[in-house]
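*Asks:* Pasting a structure here, questions to come.
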Amino acid sequence: MLTASNTLALIGNTPLVRLKGPSDESGGEIFAKCEFANPGASVKDRAALSIVEDAEEQGLLKTGGTIVEGTAGNTGIGLALVANAKGYKTIIVMPETQSREKMDTLRALGASLVLVPAAPYSNPCHFVHQSRRIAEETPNAIWANQFDNVANRRAHVTGTAEEIWAQMEGRIDGFTCAAGTGGTIAGVGLGLKSHDDKVTIALTDPHGAALYNYYAHGELKSEGSSVAEGIGQGRITANLEGAPIDTQFRVSDTEGMYWVEKLLCEEGLCLGLSSGINVAGAVLLAKQLGPGARVATILCDTGFRYLSTLYNADWLAAKGLPVPAQLRPA
């Protein structure tokens, strides 16, 4: 039995699982990285560790220092856990629209949580800009800057992509996921293509994000809206620059929730909406590539982080989303 050398070594090397329902529906083979198996229960643990270690290597993060970040929640959770293991403090700035579970988790981890109203990126009150200002004003602090810090992307080039390639024994036809910072899709895309340039990399965008139109038509233009947390981007971040995107899909919340419910009820996986959207994209990509295509995607985090939203009948009804049978009154 292998033993981890320390607790931070538990980040990464997550299992890859074949998803039966999506495979059957697509006519291909759909595989998913179980990123909820990370200590912070999300894919963002990878970026968090990479960002902190990069700052240490550059001499930017000193003993007893503070890590400041603006986040939809999961990166903040990852940073708080890494900081605790390394003896740093964390200040997390988060839109007040995110799930209560993320807020409670951050407080439980000892992070100083600053909640701000949701605002567009062009607004100086956007959570990212506010986190940068707090970092500038806090002694012995760094700004993690996950959107434009390419240490984020490197974690997926050297980690996630290499794991997928090895776990699939080099037999992979396509990879897809949504973009928040862009680190995962760009990093995995670059890493997989370094092994085989013929691997198709597809963006799966939620409604309300601008990247689908950018990669399809060359224009950053958003249409519609989504309740998915942590994904959906309106600009080309530094992590997205040079991302090898070959094709793109746009998936609605209803389509994503279809897979959230199906994977829960038929395969025993409790997931968030970003994972459902990713799986919907993987099905579309496998259908596009043809029978037998082997496609990988990301199960971003656990559904237990959304019990007050995605798994709450009143909340779903208020958002105009279908309420699963198990949440309806008996």
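Each chain in the structure tokens gets a letter, A, B and so on, in the order shown; residues start at 1 in every chain, and ligands are counted from 1 in the order they appear.
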Output as a tab-separated table one row per residue of segment 260-281 of chain A within 12 Å of segment 190-203 of chain A: the closest atom pair and its distance in Å to one decimal place, counting only C-alpha atoms, sorted by chain and residue number ascending.
*Replies:*
```
residue	atom	partner	partner_atom	distance
A:Ile277	CA	A:Leu203	CA	10.8
A:Asn278	CA	A:Leu203	CA	9.1
A:Val279	CA	A:Leu203	CA	11.8
A:Ala280	CA	A:Leu203	CA	11.5
A:Gly281	CA	A:Leu203	CA	8.0
```
*Asks:* Selection from above, N, CA and C atoms, as a PDB file, in the first residue's frame, can you write it?
*Replies:*
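And here is the file that came out, out_23.pdb:
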```
ATOM      1  N   ILE A 277     -22.629  19.853 -16.753  1.00  0.00           N
ATOM      2  CA  ILE A 277     -22.391  20.542 -18.019  1.00  0.00           C
ATOM      3  C   ILE A 277     -21.200  19.911 -18.743  1.00  0.00           C
ATOM      4  N   ASN A 278     -20.156  19.574 -17.996  1.00  0.00           N
ATOM      5  CA  ASN A 278     -18.996  18.917 -18.612  1.00  0.00           C
ATOM      6  C   ASN A 278     -19.371  17.569 -19.229  1.00  0.00           C
ATOM      7  N   VAL A 279     -20.173  16.792 -18.509  1.00  0.00           N
ATOM      8  CA  VAL A 279     -20.574  15.480 -19.020  1.00  0.00           C
ATOM      9  C   VAL A 279     -21.448  15.638 -20.265  1.00  0.00           C
ATOM     10  N   ALA A 280     -22.351  16.629 -20.241  1.00  0.00           N
ATOM     11  CA  ALA A 280     -23.166  16.893 -21.435  1.00  0.00           C
ATOM     12  C   ALA A 280     -22.270  17.217 -22.624  1.00  0.00           C
ATOM     13  N   GLY A 281     -21.229  17.996 -22.390  1.00  0.00           N
ATOM     14  CA  GLY A 281     -20.286  18.322 -23.458  1.00  0.00           C
ATOM     15  C   GLY A 281     -19.525  17.106 -23.940  1.00  0.00           C
TER      16      GLY A 281
END
```
*Asks:* Please produce, as a tab-separated table, a per-residue contact table for segment 5-39 of chain A versus segment 265-272 of chain A (criterion: any atom at most 9 Å away, only C-alpha atoms considered), showing the nearest atom pair and its distance in Å to one decimal, sorted by chain then residue number.
*Replies:*
```
residue	atom	partner	partner_atom	distance
A:Leu19	CA	A:Glu267	CA	7.8
A:Lys20	CA	A:Glu267	CA	7.8
A:Gly21	CA	A:Glu266	CA	7.9
A:Phe36	CA	A:Leu271	CA	8.4
```
*Asks:* Please tabulate, as JSON lines, the residues of segment 6-121 of chain A that come within 8 Å of segment 215-230 of chain A, each with its closest pair of atoms and the distance in Å to one decimal, counting only C-alpha atoms and ordering rows by chain, then residue number upward.
*Replies:*
```
{"residue": "A:Thr71", "atom": "CA", "partner": "A:Gly230", "partner_atom": "CA", "distance": 7.9}
{"residue": "A:Ala72", "atom": "CA", "partner": "A:Gly230", "partner_atom": "CA", "distance": 5.3}
{"residue": "A:Gly73", "atom": "CA", "partner": "A:Gly230", "partner_atom": "CA", "distance": 7.6}
{"residue": "A:Asn74", "atom": "CA", "partner": "A:Gly230", "partner_atom": "CA", "distance": 7.8}
{"residue": "A:Gln98", "atom": "CA", "partner": "A:Glu229", "partner_atom": "CA", "distance": 6.8}
```
*Asks:* So, counting only C-alpha atoms, which residue among A:Ala286, A:Gly183, A:Asn149, A:Gln167 is closest to Val17 of chain A?
*Replies:*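 With only C-alpha atoms as the atom set, the closest residue is A:Gln167.
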*Asks:* Quick one: of A:Thr254, A:Glu56, A:Leu289, A:Leu263, who's nearest to Gly320 of chain A, counting only C-alpha atoms?
*Replies:* A:Thr254
*Asks:* Please provide as a PyMOL selection string all residues within 12 Å of Ala293 of chain A, with the sequence filter that same-chain residues fewer than 4 positions apart are discarded (counting only C-alpha atoms).
*Replies:* chain A and resi 23-24+26-31+171-175+199-200+282-289
*Asks:* Write out as a PyMOL selection string all residues of segment 230-283 of chain A that DSSP puts in alpha helix (DSSP H) for this structure's backbone.
*Replies:* chain A and resi 253-267+273-283
*Asks:* Please produce a file of those selected residues containing N, CA, C and O atoms, as a tab-separated table (two decimals), in the first residue's frame.
*Replies:*
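Okay, this is what ended up in part-v9.tsv:
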```
chain	number	residue	atom	x	y	z
A	253	ASP	N	-28.40	24.94	-18.59
A	253	ASP	CA	-28.50	24.42	-17.23
A	253	ASP	C	-29.40	23.18	-17.18
A	253	ASP	O	-29.12	22.22	-16.45
A	254	THR	N	-30.47	23.21	-17.96
A	254	THR	CA	-31.39	22.06	-17.98
A	254	THR	C	-30.69	20.80	-18.46
A	254	THR	O	-30.86	19.72	-17.88
A	255	GLU	N	-29.86	20.94	-19.52
A	255	GLU	CA	-29.10	19.79	-20.01
A	255	GLU	C	-28.10	19.31	-18.95
A	255	GLU	O	-27.92	18.10	-18.74
A	256	GLY	N	-27.44	20.26	-18.31
A	256	GLY	CA	-26.48	19.90	-17.27
A	256	GLY	C	-27.16	19.21	-16.10
A	256	GLY	O	-26.66	18.21	-15.57
A	257	MET	N	-28.33	19.72	-15.68
A	257	MET	CA	-29.05	19.12	-14.57
A	257	MET	C	-29.57	17.73	-14.91
A	257	MET	O	-29.72	16.88	-14.03
A	258	TYR	N	-29.85	17.50	-16.20
A	258	TYR	CA	-30.26	16.16	-16.63
A	258	TYR	C	-29.19	15.14	-16.24
A	258	TYR	O	-29.50	14.07	-15.70
A	259	TRP	N	-27.93	15.49	-16.49
A	259	TRP	CA	-26.84	14.56	-16.18
A	259	TRP	C	-26.53	14.54	-14.70
A	259	TRP	O	-26.14	13.49	-14.16
A	260	VAL	N	-26.69	15.67	-14.00
A	260	VAL	CA	-26.52	15.66	-12.55
A	260	VAL	C	-27.47	14.64	-11.92
A	260	VAL	O	-27.07	13.82	-11.09
A	261	GLU	N	-28.75	14.69	-12.31
A	261	GLU	CA	-29.74	13.78	-11.75
A	261	GLU	C	-29.48	12.34	-12.19
A	261	GLU	O	-29.55	11.40	-11.38
A	262	LYS	N	-29.18	12.15	-13.47
A	262	LYS	CA	-28.97	10.79	-13.99
A	262	LYS	C	-27.76	10.12	-13.35
A	262	LYS	O	-27.81	8.94	-12.98
A	263	LEU	N	-26.68	10.86	-13.18
A	263	LEU	CA	-25.49	10.29	-12.56
A	263	LEU	C	-25.71	10.00	-11.08
A	263	LEU	O	-25.14	9.04	-10.54
A	264	LEU	N	-26.53	10.81	-10.43
A	264	LEU	CA	-26.84	10.55	-9.03
A	264	LEU	C	-27.71	9.30	-8.88
A	264	LEU	O	-27.39	8.39	-8.10
A	265	CYS	N	-28.79	9.25	-9.64
A	265	CYS	CA	-29.78	8.19	-9.46
A	265	CYS	C	-29.36	6.86	-10.07
A	265	CYS	O	-29.81	5.80	-9.61
A	266	GLU	N	-28.51	6.89	-11.09
A	266	GLU	CA	-28.16	5.65	-11.77
A	266	GLU	C	-26.72	5.20	-11.54
A	266	GLU	O	-26.40	4.02	-11.74
A	267	GLU	N	-25.83	6.14	-11.13
A	267	GLU	CA	-24.43	5.75	-10.97
A	267	GLU	C	-23.87	6.12	-9.60
A	267	GLU	O	-22.70	5.87	-9.32
A	273	LEU	N	-23.34	21.33	-10.76
A	273	LEU	CA	-23.82	21.61	-12.12
A	273	LEU	C	-22.69	21.72	-13.12
A	273	LEU	O	-22.85	21.32	-14.28
A	274	SER	N	-21.54	22.23	-12.72
A	274	SER	CA	-20.42	22.32	-13.66
A	274	SER	C	-20.03	20.93	-14.16
A	274	SER	O	-19.70	20.75	-15.34
A	275	SER	N	-20.09	19.93	-13.29
A	275	SER	CA	-19.80	18.56	-13.71
A	275	SER	C	-20.86	18.06	-14.69
A	275	SER	O	-20.53	17.40	-15.69
A	276	GLY	N	-22.13	18.37	-14.43
A	276	GLY	CA	-23.20	17.97	-15.34
A	276	GLY	C	-23.02	18.59	-16.72
A	276	GLY	O	-23.24	17.93	-17.75
A	277	ILE	N	-22.63	19.85	-16.75
A	277	ILE	CA	-22.39	20.54	-18.02
A	277	ILE	C	-21.20	19.91	-18.74
A	277	ILE	O	-21.23	19.70	-19.96
A	278	ASN	N	-20.16	19.57	-18.00
A	278	ASN	CA	-19.00	18.92	-18.61
A	278	ASN	C	-19.37	17.57	-19.23
A	278	ASN	O	-18.92	17.23	-20.33
A	279	VAL	N	-20.17	16.79	-18.51
A	279	VAL	CA	-20.57	15.48	-19.02
A	279	VAL	C	-21.45	15.64	-20.26
A	279	VAL	O	-21.29	14.90	-21.24
A	280	ALA	N	-22.35	16.63	-20.24
A	280	ALA	CA	-23.17	16.89	-21.43
A	280	ALA	C	-22.27	17.22	-22.62
A	280	ALA	O	-22.50	16.74	-23.75
A	281	GLY	N	-21.23	18.00	-22.39
A	281	GLY	CA	-20.29	18.32	-23.46
A	281	GLY	C	-19.52	17.11	-23.94
A	281	GLY	O	-19.27	16.95	-25.14
A	282	ALA	N	-19.17	16.22	-23.03
A	282	ALA	CA	-18.45	15.00	-23.41
A	282	ALA	C	-19.31	14.12	-24.30
A	282	ALA	O	-18.82	13.51	-25.26
A	283	VAL	N	-20.61	14.04	-24.00
A	283	VAL	CA	-21.53	13.26	-24.84
A	283	VAL	C	-21.59	13.87	-26.24
A	283	VAL	O	-21.53	13.16	-27.25
```
*Asks:* Measuring between only C-alpha atoms, which one of A:Phe127, A:Val323, A:Ala155, A:Arg235 shows the shortest distance to Glu96 of chain A?
*Replies:* A:Phe127
